[in-house]
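J.: Dropping in data.cif, which is mmCIF, C-alpha atoms:
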data_protein
loop_
_atom_site.label_atom_id
_atom_site.label_comp_id
_atom_site.auth_asym_id
_atom_site.auth_seq_id
_atom_site.Cartn_x
_atom_site.Cartn_y
_atom_site.Cartn_z
CA MET A 1 61.33 -18.03 5.24
CA LEU A 2 60.53 -21.67 4.56
CA LEU A 3 63.76 -23.60 4.08
CA PRO A 4 63.97 -26.06 1.15
CA ARG A 5 63.32 -29.74 1.81
CA TRP A 6 67.03 -30.79 1.61
CA ARG A 7 68.00 -28.05 4.06
CA GLN A 8 65.38 -29.17 6.57
CA SER A 9 66.67 -32.71 6.18
CA LEU A 10 70.25 -31.47 6.73
CA ALA A 11 69.16 -29.71 9.93
CA ARG A 12 67.70 -33.01 11.15
CA SER A 13 70.88 -34.94 10.31
CA LEU A 14 73.00 -32.39 12.17
CA HIS A 15 70.67 -32.54 15.17
CA THR A 16 70.72 -36.37 15.31
CA GLU A 17 74.52 -36.44 15.15
CA ARG A 18 75.13 -33.39 17.33
CA SER A 19 77.14 -35.33 19.94
CA LYS A 20 79.74 -36.45 17.36
CA PRO A 21 82.31 -33.76 16.53
CA GLU A 22 83.20 -35.51 13.25
CA SER A 23 79.65 -35.03 11.96
CA LYS A 24 80.72 -31.39 11.40
CA PHE A 25 83.42 -32.46 8.92
CA PHE A 26 82.67 -32.48 5.20
CA GLN A 27 84.78 -32.94 2.08
CA VAL A 28 84.99 -30.16 -0.49
CA ALA A 29 86.15 -30.77 -4.06
CA SER A 30 87.24 -28.11 -6.53
CA ILE A 31 89.08 -27.68 -9.81
CA ALA A 32 92.53 -26.08 -9.82
CA LEU A 33 95.15 -25.17 -12.39
CA ASP A 34 98.50 -26.91 -11.79
CA GLU A 35 100.99 -24.14 -12.53
CA GLY A 36 103.79 -26.63 -13.19
CA THR A 37 102.01 -28.59 -15.91
CA ASN A 38 99.35 -25.98 -16.82
CA LYS A 39 96.73 -28.74 -16.55
CA LEU A 40 93.51 -28.88 -14.57
CA THR A 41 93.61 -30.98 -11.43
CA VAL A 42 90.94 -31.92 -8.96
CA GLU A 43 91.36 -31.16 -5.25
CA ASN A 44 89.53 -32.68 -2.33
CA ARG A 45 89.94 -31.84 1.36
CA THR A 46 88.13 -32.02 4.68
CA LEU A 47 86.76 -28.81 6.19
CA VAL A 48 84.91 -28.11 9.41
CA PHE A 49 81.33 -26.85 9.08
CA ARG A 50 80.98 -23.53 10.96
CA GLY A 51 77.21 -23.09 10.73
CA PHE A 52 74.84 -21.43 8.28
CA VAL A 53 74.76 -17.76 7.32
CA ASP A 54 71.81 -16.29 9.28
CA ASN A 55 69.94 -19.60 9.29
CA SER A 56 69.87 -19.55 5.46
CA ILE A 57 71.00 -22.33 3.10
CA SER A 58 74.58 -20.99 2.78
CA LEU A 59 77.26 -22.92 4.66
CA LEU A 60 80.27 -21.47 6.45
CA ALA A 61 83.84 -22.71 6.80
CA ILE A 62 87.20 -21.02 7.27
CA THR A 63 90.63 -21.10 5.65
CA ASP A 64 93.99 -19.35 5.53
CA SER A 65 94.68 -16.82 2.78
CA ARG A 66 98.11 -18.44 2.32
CA SER A 67 96.61 -21.87 1.52
CA ASP A 68 96.32 -23.36 -1.98
CA LYS A 69 92.56 -23.55 -1.80
CA TYR A 70 92.24 -19.80 -1.26
CA THR A 71 94.03 -19.07 -4.55
CA GLN A 72 92.19 -21.88 -6.31
CA TRP A 73 88.76 -20.61 -5.28
CA LEU A 74 89.63 -17.04 -6.24
CA HIS A 75 90.04 -18.32 -9.81
CA GLU A 76 87.38 -21.03 -9.88
CA PRO A 77 84.59 -20.67 -7.29
CA GLN A 78 82.64 -23.81 -8.17
CA SER A 79 82.93 -26.72 -5.78
CA GLU A 80 81.06 -29.76 -4.51
CA ILE A 81 80.64 -30.62 -0.85
CA CYS A 82 80.24 -34.30 -0.03
CA TRP A 83 78.84 -34.73 3.46
CA TYR A 84 78.24 -38.21 4.80
CA PHE A 85 76.54 -38.82 8.15
CA THR A 86 77.54 -42.17 9.60
CA GLU A 87 74.68 -42.51 12.11
CA THR A 88 71.77 -41.57 9.84
CA ARG A 89 73.53 -43.06 6.77
CA GLU A 90 72.69 -40.03 4.63
CA GLN A 91 74.86 -38.38 1.99
CA TYR A 92 74.46 -34.78 0.78
CA ARG A 93 76.32 -33.78 -2.38
CA ILE A 94 76.00 -29.99 -2.46
CA LYS A 95 77.07 -28.23 -5.67
CA ASN A 96 77.90 -24.64 -4.85
CA SER A 97 79.76 -21.47 -5.63
CA VAL A 98 82.25 -20.30 -3.00
CA THR A 99 82.52 -16.70 -1.81
CA LEU A 100 85.75 -15.73 -0.04
CA ILE A 101 85.67 -13.13 2.71
CA GLY A 102 89.18 -12.04 3.62
CA GLN A 103 90.56 -8.84 5.09
CA ASP A 104 90.57 -7.06 1.72
CA VAL A 105 87.02 -8.03 0.72
CA ASN A 106 85.06 -5.58 -1.41
CA ASP A 107 82.33 -4.69 1.06
CA ALA A 108 80.59 -1.31 0.75
CA MET A 109 77.81 -2.27 3.16
CA GLY A 110 80.11 -3.77 5.79
CA THR A 111 77.99 -6.95 6.04
CA LYS A 112 80.81 -9.25 4.93
CA ALA A 113 83.32 -7.76 7.37
CA SER A 114 80.75 -8.13 10.09
CA LEU A 115 80.16 -11.80 9.20
CA ARG A 116 83.95 -12.36 9.20
CA ALA A 117 84.24 -10.81 12.68
CA GLN A 118 81.32 -12.90 13.93
CA VAL A 119 82.85 -16.18 12.71
CA TRP A 120 86.23 -15.17 14.18
CA ARG A 121 84.68 -14.58 17.61
CA SER A 122 83.03 -18.02 17.54
CA LEU A 123 86.39 -19.85 17.18
CA SER A 124 88.29 -21.57 19.97
CA ALA A 125 91.70 -20.18 20.98
CA LYS A 126 93.29 -23.26 19.38
CA SER A 127 91.55 -22.65 16.05
CA LYS A 128 92.52 -18.98 16.11
CA GLU A 129 96.17 -19.83 16.68
CA GLN A 130 96.49 -21.63 13.35
CA PHE A 131 96.26 -18.34 11.46
CA LEU A 132 99.53 -17.31 13.08
CA TRP A 133 101.41 -20.45 12.07
CA PRO A 134 104.16 -20.33 9.42
CA ARG A 135 103.18 -20.36 5.74
CA PRO A 136 101.40 -23.62 4.76
CA LYS A 137 103.18 -26.18 2.55
CA GLN A 138 106.66 -24.73 3.06
CA THR A 139 109.36 -27.10 4.24
CA VAL A 140 109.57 -27.34 8.01
CA ASP A 141 113.14 -26.38 8.85
CA GLU A 142 112.89 -24.98 12.33
CA LYS A 143 110.55 -24.87 15.28
CA PRO A 144 107.58 -22.77 14.17
CA ILE A 145 107.56 -19.34 15.76
CA LEU A 146 104.13 -18.09 16.71
CA VAL A 147 103.83 -14.46 15.79
CA HIS A 148 102.87 -12.38 18.81
CA HIS A 149 99.38 -11.17 18.22
CA LYS A 150 96.79 -9.10 20.03
CA ALA A 151 93.83 -11.41 20.64
CA SER A 152 91.34 -8.68 19.77
CA ASN A 153 92.65 -8.24 16.22
CA ILE A 154 91.63 -10.53 13.38
CA PRO A 155 94.74 -11.84 11.57
CA GLU A 156 94.91 -10.80 7.92
CA THR A 157 95.32 -14.48 6.99
CA PHE A 158 91.82 -15.28 8.27
CA VAL A 159 89.31 -16.00 5.50
CA VAL A 160 85.65 -16.99 5.80
CA LEU A 161 84.29 -19.32 3.12
CA VAL A 162 80.62 -19.08 2.18
CA PHE A 163 79.31 -22.02 0.14
CA ASN A 164 76.22 -20.97 -1.83
CA PRO A 165 74.29 -24.12 -2.88
CA ILE A 166 73.10 -24.47 -6.48
CA SER A 167 71.90 -28.09 -6.46
CA VAL A 168 71.83 -31.01 -4.03
CA ASP A 169 71.98 -34.77 -4.59
CA TYR A 170 70.60 -36.45 -1.45
CA LEU A 171 71.01 -40.17 -0.72
CA ASN A 172 69.57 -42.14 2.18
CA LEU A 173 71.05 -45.61 2.64
CA THR A 174 68.66 -46.76 5.39
CA THR A 175 65.74 -47.46 3.07
CA ILE A 176 65.42 -50.45 0.68
CA PRO A 177 65.97 -49.54 -2.07
CA GLN A 178 67.98 -46.46 -1.09
CA THR A 179 66.22 -43.09 -1.42
CA ARG A 180 67.78 -40.55 -3.78
CA GLU A 181 66.49 -37.01 -4.32
CA LEU A 182 67.80 -34.47 -6.82
CA HIS A 183 67.20 -30.87 -5.72
CA ARG A 184 67.75 -27.80 -7.85
CA ILE A 185 66.59 -24.21 -8.18
CA SER A 186 63.84 -23.86 -10.79
CA GLU A 187 64.75 -21.39 -13.54
CA ASN A 188 61.12 -20.30 -13.85
CA THR A 189 60.18 -19.70 -10.25
CA GLY A 190 63.56 -19.38 -8.51
CA MET A 191 62.26 -21.88 -5.94
CA TRP A 192 63.88 -25.16 -4.96
CA VAL A 193 62.27 -28.19 -6.65
CA HIS A 194 63.15 -31.86 -6.36
CA SER A 195 62.59 -35.21 -8.01
CA ILE A 196 62.89 -38.68 -6.50
CA VAL A 197 65.10 -40.91 -8.64
CA ASN A 198 66.57 -44.40 -8.60
CA PRO A 199 69.69 -44.66 -6.43
CA MET B 1 108.28 -55.19 -1.81
CA LEU B 2 108.71 -52.38 0.69
CA LEU B 3 105.57 -50.24 0.72
CA PRO B 4 105.99 -46.43 0.68
CA ARG B 5 105.78 -44.56 3.98
CA TRP B 6 102.27 -43.15 3.38
CA ARG B 7 100.96 -46.62 2.52
CA GLN B 8 102.39 -48.10 5.72
CA SER B 9 100.77 -45.27 7.63
CA LEU B 10 97.44 -45.93 5.86
CA ALA B 11 97.66 -49.62 6.84
CA ARG B 12 98.10 -48.53 10.48
CA SER B 13 95.13 -46.13 10.31
CA LEU B 14 92.93 -48.87 8.84
CA HIS B 15 94.06 -51.31 11.53
CA THR B 16 93.39 -48.85 14.38
CA GLU B 17 89.89 -48.09 13.05
CA ARG B 18 89.06 -51.65 11.94
CA SER B 19 86.02 -51.92 14.24
CA LYS B 20 84.31 -48.90 12.64
CA PRO B 21 82.60 -49.70 9.33
CA GLU B 22 82.62 -46.01 8.35
CA SER B 23 86.43 -45.94 8.41
CA LYS B 24 86.17 -47.79 5.07
CA PHE B 25 84.34 -44.85 3.47
CA PHE B 26 86.27 -42.24 1.51
CA GLN B 27 85.29 -39.33 -0.73
CA VAL B 28 86.38 -39.28 -4.36
CA ALA B 29 86.40 -36.09 -6.43
CA SER B 30 86.64 -35.90 -10.21
CA ILE B 31 86.09 -33.52 -13.10
CA ALA B 32 83.13 -34.04 -15.43
CA LEU B 33 81.68 -32.37 -18.51
CA ASP B 34 78.13 -31.13 -18.00
CA GLU B 35 76.47 -32.06 -21.29
CA GLY B 36 73.71 -29.50 -20.83
CA THR B 37 75.97 -26.47 -20.41
CA ASN B 38 79.15 -27.95 -21.96
CA LYS B 39 81.07 -26.71 -18.92
CA LEU B 40 83.37 -28.56 -16.56
CA THR B 41 81.91 -29.43 -13.20
CA VAL B 42 83.43 -31.01 -10.13
CA GLU B 43 81.90 -34.17 -8.62
CA ASN B 44 82.40 -35.57 -5.14
CA ARG B 45 80.91 -38.75 -3.68
CA THR B 46 81.45 -41.33 -0.97
CA LEU B 47 82.70 -44.79 -1.95
CA VAL B 48 83.45 -47.89 0.09
CA PHE B 49 87.07 -49.04 0.17
CA ARG B 50 87.27 -52.68 -1.00
CA GLY B 51 90.92 -53.38 -0.21
CA PHE B 52 94.20 -53.05 -2.07
CA VAL B 53 95.16 -54.83 -5.29
CA ASP B 54 97.47 -57.69 -4.19
CA ASN B 55 98.71 -55.77 -1.15
CA SER B 56 100.06 -53.02 -3.46
CA ILE B 57 99.37 -49.26 -3.22
CA SER B 58 96.36 -49.38 -5.60
CA LEU B 59 92.94 -49.06 -3.97
CA LEU B 60 89.76 -50.88 -4.95
CA ALA B 61 86.14 -49.75 -5.05
CA ILE B 62 83.10 -50.71 -7.11
CA THR B 63 80.46 -48.93 -9.18
CA ASP B 64 77.65 -49.51 -11.65
CA SER B 65 78.32 -49.09 -15.38
CA ARG B 66 75.04 -47.13 -15.63
CA SER B 67 76.17 -44.51 -13.09
CA ASP B 68 77.38 -41.01 -14.00
CA LYS B 69 80.81 -41.60 -12.49
CA TYR B 70 81.48 -44.54 -14.79
CA THR B 71 81.03 -42.36 -17.90
CA GLN B 72 82.91 -39.46 -16.28
CA TRP B 73 85.95 -41.58 -15.44
CA LEU B 74 86.01 -43.14 -18.90
CA HIS B 75 86.64 -39.63 -20.23
CA GLU B 76 88.72 -38.18 -17.43
CA PRO B 77 90.47 -40.71 -15.19
CA GLN B 78 92.13 -38.28 -12.78
CA SER B 79 90.62 -38.02 -9.33
CA GLU B 80 91.45 -37.22 -5.74
CA ILE B 81 90.48 -39.39 -2.78
CA CYS B 82 90.01 -37.58 0.52
CA TRP B 83 90.08 -40.05 3.39
CA TYR B 84 89.65 -38.81 6.93
CA PHE B 85 90.01 -41.11 9.95
CA THR B 86 88.08 -39.77 12.93
CA GLU B 87 89.84 -41.81 15.62
CA THR B 88 93.44 -41.24 14.55
CA ARG B 89 92.61 -37.73 13.21
CA GLU B 90 94.58 -38.32 10.02
CA GLN B 91 93.71 -37.17 6.50
CA TYR B 92 95.03 -38.73 3.30
CA ARG B 93 94.53 -36.83 0.06
CA ILE B 94 95.42 -39.34 -2.64
CA LYS B 95 95.77 -38.01 -6.21
CA ASN B 96 95.29 -40.87 -8.61
CA SER B 97 94.30 -42.14 -11.99
CA VAL B 98 91.28 -44.46 -12.13
CA THR B 99 91.18 -47.69 -14.12
CA LEU B 100 87.71 -49.14 -14.86
CA ILE B 101 87.27 -52.91 -15.09
CA GLY B 102 83.86 -53.74 -16.51
CA GLN B 103 82.59 -56.74 -18.43
CA ASP B 104 83.98 -55.47 -21.74
CA VAL B 105 87.46 -54.63 -20.43
CA ASN B 106 90.39 -55.03 -22.84
CA ASP B 107 92.21 -57.84 -21.09
CA ALA B 108 94.42 -60.14 -23.16
CA MET B 109 96.08 -61.68 -20.07
CA GLY B 110 92.82 -62.24 -18.19
CA THR B 111 94.23 -60.63 -15.03
CA LYS B 112 91.63 -57.85 -14.96
CA ALA B 113 88.70 -60.22 -15.42
CA SER B 114 90.13 -62.36 -12.65
CA LEU B 115 90.40 -59.34 -10.31
CA ARG B 116 86.80 -58.40 -11.18
CA ALA B 117 85.60 -61.93 -10.33
CA GLN B 118 87.58 -61.88 -7.09
CA VAL B 119 86.06 -58.57 -5.94
CA TRP B 120 82.59 -59.79 -6.94
CA ARG B 121 82.97 -62.92 -4.78
CA SER B 122 83.99 -60.82 -1.78
CA LEU B 123 80.71 -58.82 -1.80
CA SER B 124 77.74 -59.42 0.49
CA ALA B 125 74.45 -60.56 -1.06
CA LYS B 126 73.03 -57.10 -0.33
CA SER B 127 75.88 -55.34 -2.16
CA LYS B 128 75.52 -57.69 -5.13
CA GLU B 129 71.79 -56.99 -5.38
CA GLN B 130 72.35 -53.30 -6.16
CA PHE B 131 73.68 -54.15 -9.61
CA LEU B 132 70.26 -55.52 -10.50
CA TRP B 133 68.37 -52.41 -9.44
CA PRO B 134 66.74 -50.12 -12.05
CA ARG B 135 68.87 -47.58 -13.89
CA PRO B 136 70.38 -44.96 -11.50
CA LYS B 137 69.06 -41.37 -11.58
CA GLN B 138 65.87 -42.18 -13.50
CA THR B 139 62.63 -41.04 -11.98
CA VAL B 140 61.13 -43.59 -9.62
CA ASP B 141 57.68 -44.30 -11.04
CA GLU B 142 56.97 -47.81 -9.88
CA LYS B 143 58.16 -50.39 -7.41
CA PRO B 144 61.62 -51.44 -8.57
CA ILE B 145 61.61 -54.87 -10.14
CA LEU B 146 64.67 -56.94 -9.33
CA VAL B 147 65.82 -58.74 -12.43
CA HIS B 148 66.01 -62.47 -11.82
CA HIS B 149 69.61 -63.41 -11.85
CA LYS B 150 71.75 -66.51 -11.44
CA ALA B 151 73.95 -65.88 -8.39
CA SER B 152 76.97 -67.44 -10.07
CA ASN B 153 77.00 -64.93 -12.95
CA ILE B 154 78.54 -61.48 -12.61
CA PRO B 155 76.04 -58.82 -13.79
CA GLU B 156 77.27 -56.82 -16.77
CA THR B 157 76.65 -53.62 -14.78
CA PHE B 158 79.34 -54.55 -12.24
CA VAL B 159 82.51 -52.44 -12.53
CA VAL B 160 85.65 -52.55 -10.41
CA LEU B 161 87.47 -49.25 -9.87
CA VAL B 162 91.23 -49.29 -9.37
CA PHE B 163 92.69 -46.05 -8.01
CA ASN B 164 96.38 -45.80 -8.91
CA PRO B 165 98.05 -43.22 -6.59
CA ILE B 166 100.30 -40.53 -8.09
CA SER B 167 100.86 -38.32 -5.03
CA VAL B 168 99.66 -38.15 -1.42
CA ASP B 169 99.14 -35.21 0.94
CA TYR B 170 99.11 -36.59 4.49
CA LEU B 171 97.92 -34.58 7.49
CA ASN B 172 97.98 -35.60 11.15
CA LEU B 173 95.91 -33.38 13.45
CA THR B 174 97.02 -35.01 16.72
CA THR B 175 100.42 -33.29 16.83
CA ILE B 176 101.05 -29.60 17.68
CA PRO B 177 101.61 -28.12 15.21
CA GLN B 178 99.89 -30.57 12.87
CA THR B 179 102.15 -32.86 10.81
CA ARG B 180 101.89 -32.60 7.04
CA GLU B 181 103.82 -34.75 4.57
CA LEU B 182 103.82 -34.43 0.76
CA HIS B 183 104.55 -37.73 -0.98
CA ARG B 184 105.24 -38.13 -4.69
CA ILE B 185 106.98 -40.48 -7.10
CA SER B 186 110.45 -39.22 -7.99
CA GLU B 187 110.90 -38.73 -11.73
CA ASN B 188 114.54 -39.77 -11.48
CA THR B 189 114.30 -42.96 -9.46
CA GLY B 190 110.62 -43.93 -9.79
CA MET B 191 110.61 -44.32 -5.99
CA TRP B 192 108.26 -42.60 -3.55
CA VAL B 193 109.86 -39.60 -1.83
CA HIS B 194 108.37 -37.23 0.72
CA SER B 195 108.94 -33.88 2.35
CA ILE B 196 107.63 -32.62 5.68
CA VAL B 197 105.94 -29.23 5.30
CA ASN B 198 104.05 -26.69 7.37
CA PRO B 199 100.36 -27.63 7.80
#
Take the structure in the file and write it out as structure tokens.
T.:
Amino acid sequence: MLLPRWRQSLARSLHTERSKPESKFFQVASIALDEGTNKLTVENRTLVFRGFVDNSISLLAITDSRSDKYTQWLHEPQSEICWYFTETREQYRIKNSVTLIGQDVNDAMGTKASLRAQVWRSLSAKSKEQFLWPRPKQTVDEKPILVHHKASNIPETFVVLVFNPISVDYLNLTTIPQTRELHRISENTGMWVHSIVNP
Amino acid sequence: MLLPRWRQSLARSLHTERSKPESKFFQVASIALDEGTNKLTVENRTLVFRGFVDNSISLLAITDSRSDKYTQWLHEPQSEICWYFTETREQYRIKNSVTLIGQDVNDAMGTKASLRAQVWRSLSAKSKEQFLWPRPKQTVDEKPILVHHKASNIPETFVVLVFNPISVDYLNLTTIPQTRELHRISENTGMWVHSIVNP
């Protein structure tokens, strides 16, 4: 399958910056309902990129089922990734819809559970440990007790996030003037199309 | 004036990373109304930090009055900054309300216009030039023509953004377990208070 232009460009950016661990960090914004005030709020946090689903355009990350963002995305799956590469001076704004794959995922074919197991196996011991930490955002009042856990089991708190891109706003700051491309999926053909616009 | 704990910490992070230009970049998320679909969308983009207002807690950035974010913030000023420092491995999530200071700002005292002029003077020639570029997001169909402009005048497209913090979620990844602090303004005292919570 031929990957869309923005995705090829993203592969190049990742390759150029492969020696910098922080190039794998992106910021993800989403809309949440503040239960105290019953108003919409906007949330923005850094996540670690965990690769693409089967070399497709969908991006992987992980989270804890006890975190705010898990609940927020269950209710409102739309989000925008902002990914800035410091070396290549490129920014990708990726509008997407998030799919959550937790222990209780609806998964007749077993493909989601298999993806979840695959991502779990790829994690370092240190990353795995975080899913056994005490509940996020509760007051720290004692030394955290790590729950004893068989390494072969996947903790029920472990959730895989799949970001499914809908449109991409690409900016390259190295050219004069800067290069900006708007990418979207054509309603007619279902193919990715793009236009070059003023920055 | 004694600055709140998170702001002192942010000053330290900025000092430690002062040699890295990219440490001045943060991501700002906001909610917008998509005029095509009439639905809410979430927007996320990188901005350059331009300092604090008079050494206070309010953060400065700049934008173009012809950009989408200008119109979006006019309607919905709430936003969240996500600022990750790669060296110190600290993340600041700063919930805030944005104030826009453009040429037509309502400003009986003249303080806003004076801040706008001060930020304008601090910019490099290259940064200033961007405000004379063709309208953002329009199709590029010819070589951009730079409008001839007297250097002493501030272009009408130049807008200063002031981010006024409401609450801060601070995360430090260097400790085990990670350190997370929730900072907010107390309704009773109007002072910043914080609690230390599980990451």
J.: If you apply the PyMOL selection byres ((chain B) within 9 of (chain A)) to this file, what residues do you get, as a ChimeraX atom specification?
T.: /B:22,27-31,40-46,78-84,86,91-95,130,133-141,144,177,180-182,195-199
J.: Could you give me, as an NGL selection string, the residues within 12 Å of Ser127 of chain A, counting only C-alpha atoms and dropping anything in the same chain fewer than 2 positions from it?
T.: (:A and (48 or 50 or 62-64 or 119-125 or 129-133 or 158)) or (:B and (173 or 176-178))
J.: What separation in Å, quoted to one decimal, exists between atom CA of Ile57 of chain B and atom CA of Gln8 of chain B?
T.: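 These two atoms are separated by 9.5 Å.
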J.: With only C-alpha atoms as the atoms that count, which of A:Arg7, A:Arg12, A:Arg66, A:His183 lies nearest to Val159 of chain A?
T.: A:Arg66
J.: Would you mind reading off the distance between atom CA of Leu3 of chain A and atom CA of Leu59 of chain A, one decimal, in Å?
T.: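 Those two atoms sit 13.5 Å apart.
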J.: Which residue, B:Gly110, B:Lys39, B:Gln103, B:Gln118, has the smallest gap to Pro155 of chain B when you use all atoms listed in the file?
T.: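 So, comparing all the options, the nearest one is B:Gln103.
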J.: Would you compute the distance between atom CA of Phe52 of chain A and atom CA of Phe163 of chain A? Give it in Å to one decimal.
T.: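 If I compute the distance from atom CA of Phe52 of chain A to atom CA of Phe163 of chain A, I get 9.3 Å.
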J.: Evaluated on this file, the PyMOL selection byres ((chain A and resi 76) around 10) picks out some residues - which ones are they, written as a list of chain:residue names?
T.: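 After applying the PyMOL selection byres ((chain A and resi 76) around 10), what remains is A:Ser30, A:Ile31, A:Ala32, A:Leu33, A:Lys69, A:Tyr70, A:Thr71, A:Gln72, A:Trp73, A:Leu74, A:His75, A:Pro77, A:Gln78, A:Ser79, A:Ser97, A:Val98.
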J.: Between B:Thr88, B:Asn153, B:Asn164, B:Thr174, which residue has the minimum interatomic distance to Leu10 of chain B, considering all atoms listed in the file?
T.: B:Thr88
J.: N, CA and C atoms are what I want for segment 175-196 of chain A; can you complete it accordingly and write them as a short mmCIF file (atom, residue, chain, number, x, y, z; two decimals), in the frame of the given file?
T.:
data_model
loop_
_atom_site.label_atom_id
_atom_site.label_comp_id
_atom_site.auth_asym_id
_atom_site.auth_seq_id
_atom_site.Cartn_x
_atom_site.Cartn_y
_atom_site.Cartn_z
N THR A 175 66.94 -46.89 3.67
CA THR A 175 65.74 -47.46 3.07
C THR A 175 66.12 -48.53 2.04
N ILE A 176 65.17 -49.44 1.71
CA ILE A 176 65.42 -50.45 0.68
C ILE A 176 64.34 -50.34 -0.38
N PRO A 177 64.64 -49.98 -1.64
CA PRO A 177 65.97 -49.54 -2.07
C PRO A 177 66.30 -48.18 -1.47
N GLN A 178 67.55 -47.76 -1.61
CA GLN A 178 67.98 -46.46 -1.09
C GLN A 178 67.14 -45.33 -1.69
N THR A 179 66.99 -44.24 -0.94
CA THR A 179 66.22 -43.09 -1.42
C THR A 179 67.18 -42.04 -1.97
N ARG A 180 66.93 -41.59 -3.19
CA ARG A 180 67.78 -40.55 -3.78
C ARG A 180 66.90 -39.42 -4.29
N GLU A 181 67.24 -38.20 -3.90
CA GLU A 181 66.49 -37.01 -4.32
C GLU A 181 67.43 -36.02 -4.99
N LEU A 182 67.03 -35.51 -6.15
CA LEU A 182 67.80 -34.47 -6.82
C LEU A 182 67.10 -33.13 -6.63
N HIS A 183 67.78 -32.19 -6.01
CA HIS A 183 67.20 -30.87 -5.72
C HIS A 183 67.91 -29.82 -6.56
N ARG A 184 67.14 -28.90 -7.10
CA ARG A 184 67.75 -27.80 -7.85
C ARG A 184 66.83 -26.58 -7.78
N ILE A 185 67.38 -25.43 -8.18
CA ILE A 185 66.59 -24.21 -8.18
C ILE A 185 65.91 -24.09 -9.54
N SER A 186 64.59 -23.97 -9.54
CA SER A 186 63.84 -23.86 -10.79
C SER A 186 64.16 -22.54 -11.48
N GLU A 187 64.43 -22.61 -12.80
CA GLU A 187 64.75 -21.39 -13.54
C GLU A 187 63.53 -20.48 -13.67
N ASN A 188 62.36 -21.09 -13.70
CA ASN A 188 61.12 -20.30 -13.85
C ASN A 188 60.75 -19.56 -12.58
N THR A 189 60.72 -20.29 -11.48
CA THR A 189 60.18 -19.70 -10.25
C THR A 189 61.26 -19.24 -9.27
N GLY A 190 62.51 -19.71 -9.48
CA GLY A 190 63.56 -19.38 -8.51
C GLY A 190 63.43 -20.15 -7.20
N MET A 191 62.47 -21.08 -7.15
CA MET A 191 62.26 -21.88 -5.94
C MET A 191 62.98 -23.22 -6.08
N TRP A 192 63.28 -23.83 -4.93
CA TRP A 192 63.88 -25.16 -4.96
C TRP A 192 62.82 -26.19 -5.33
N VAL A 193 63.15 -27.08 -6.27
CA VAL A 193 62.27 -28.19 -6.65
C VAL A 193 63.08 -29.49 -6.53
N HIS A 194 62.39 -30.61 -6.42
CA HIS A 194 63.15 -31.86 -6.36
C HIS A 194 62.42 -32.98 -7.06
N SER A 195 63.18 -33.99 -7.45
CA SER A 195 62.59 -35.21 -8.01
C SER A 195 63.21 -36.41 -7.30
N ILE A 196 62.41 -37.46 -7.15
CA ILE A 196 62.89 -38.68 -6.50
C ILE A 196 63.30 -39.65 -7.60
#
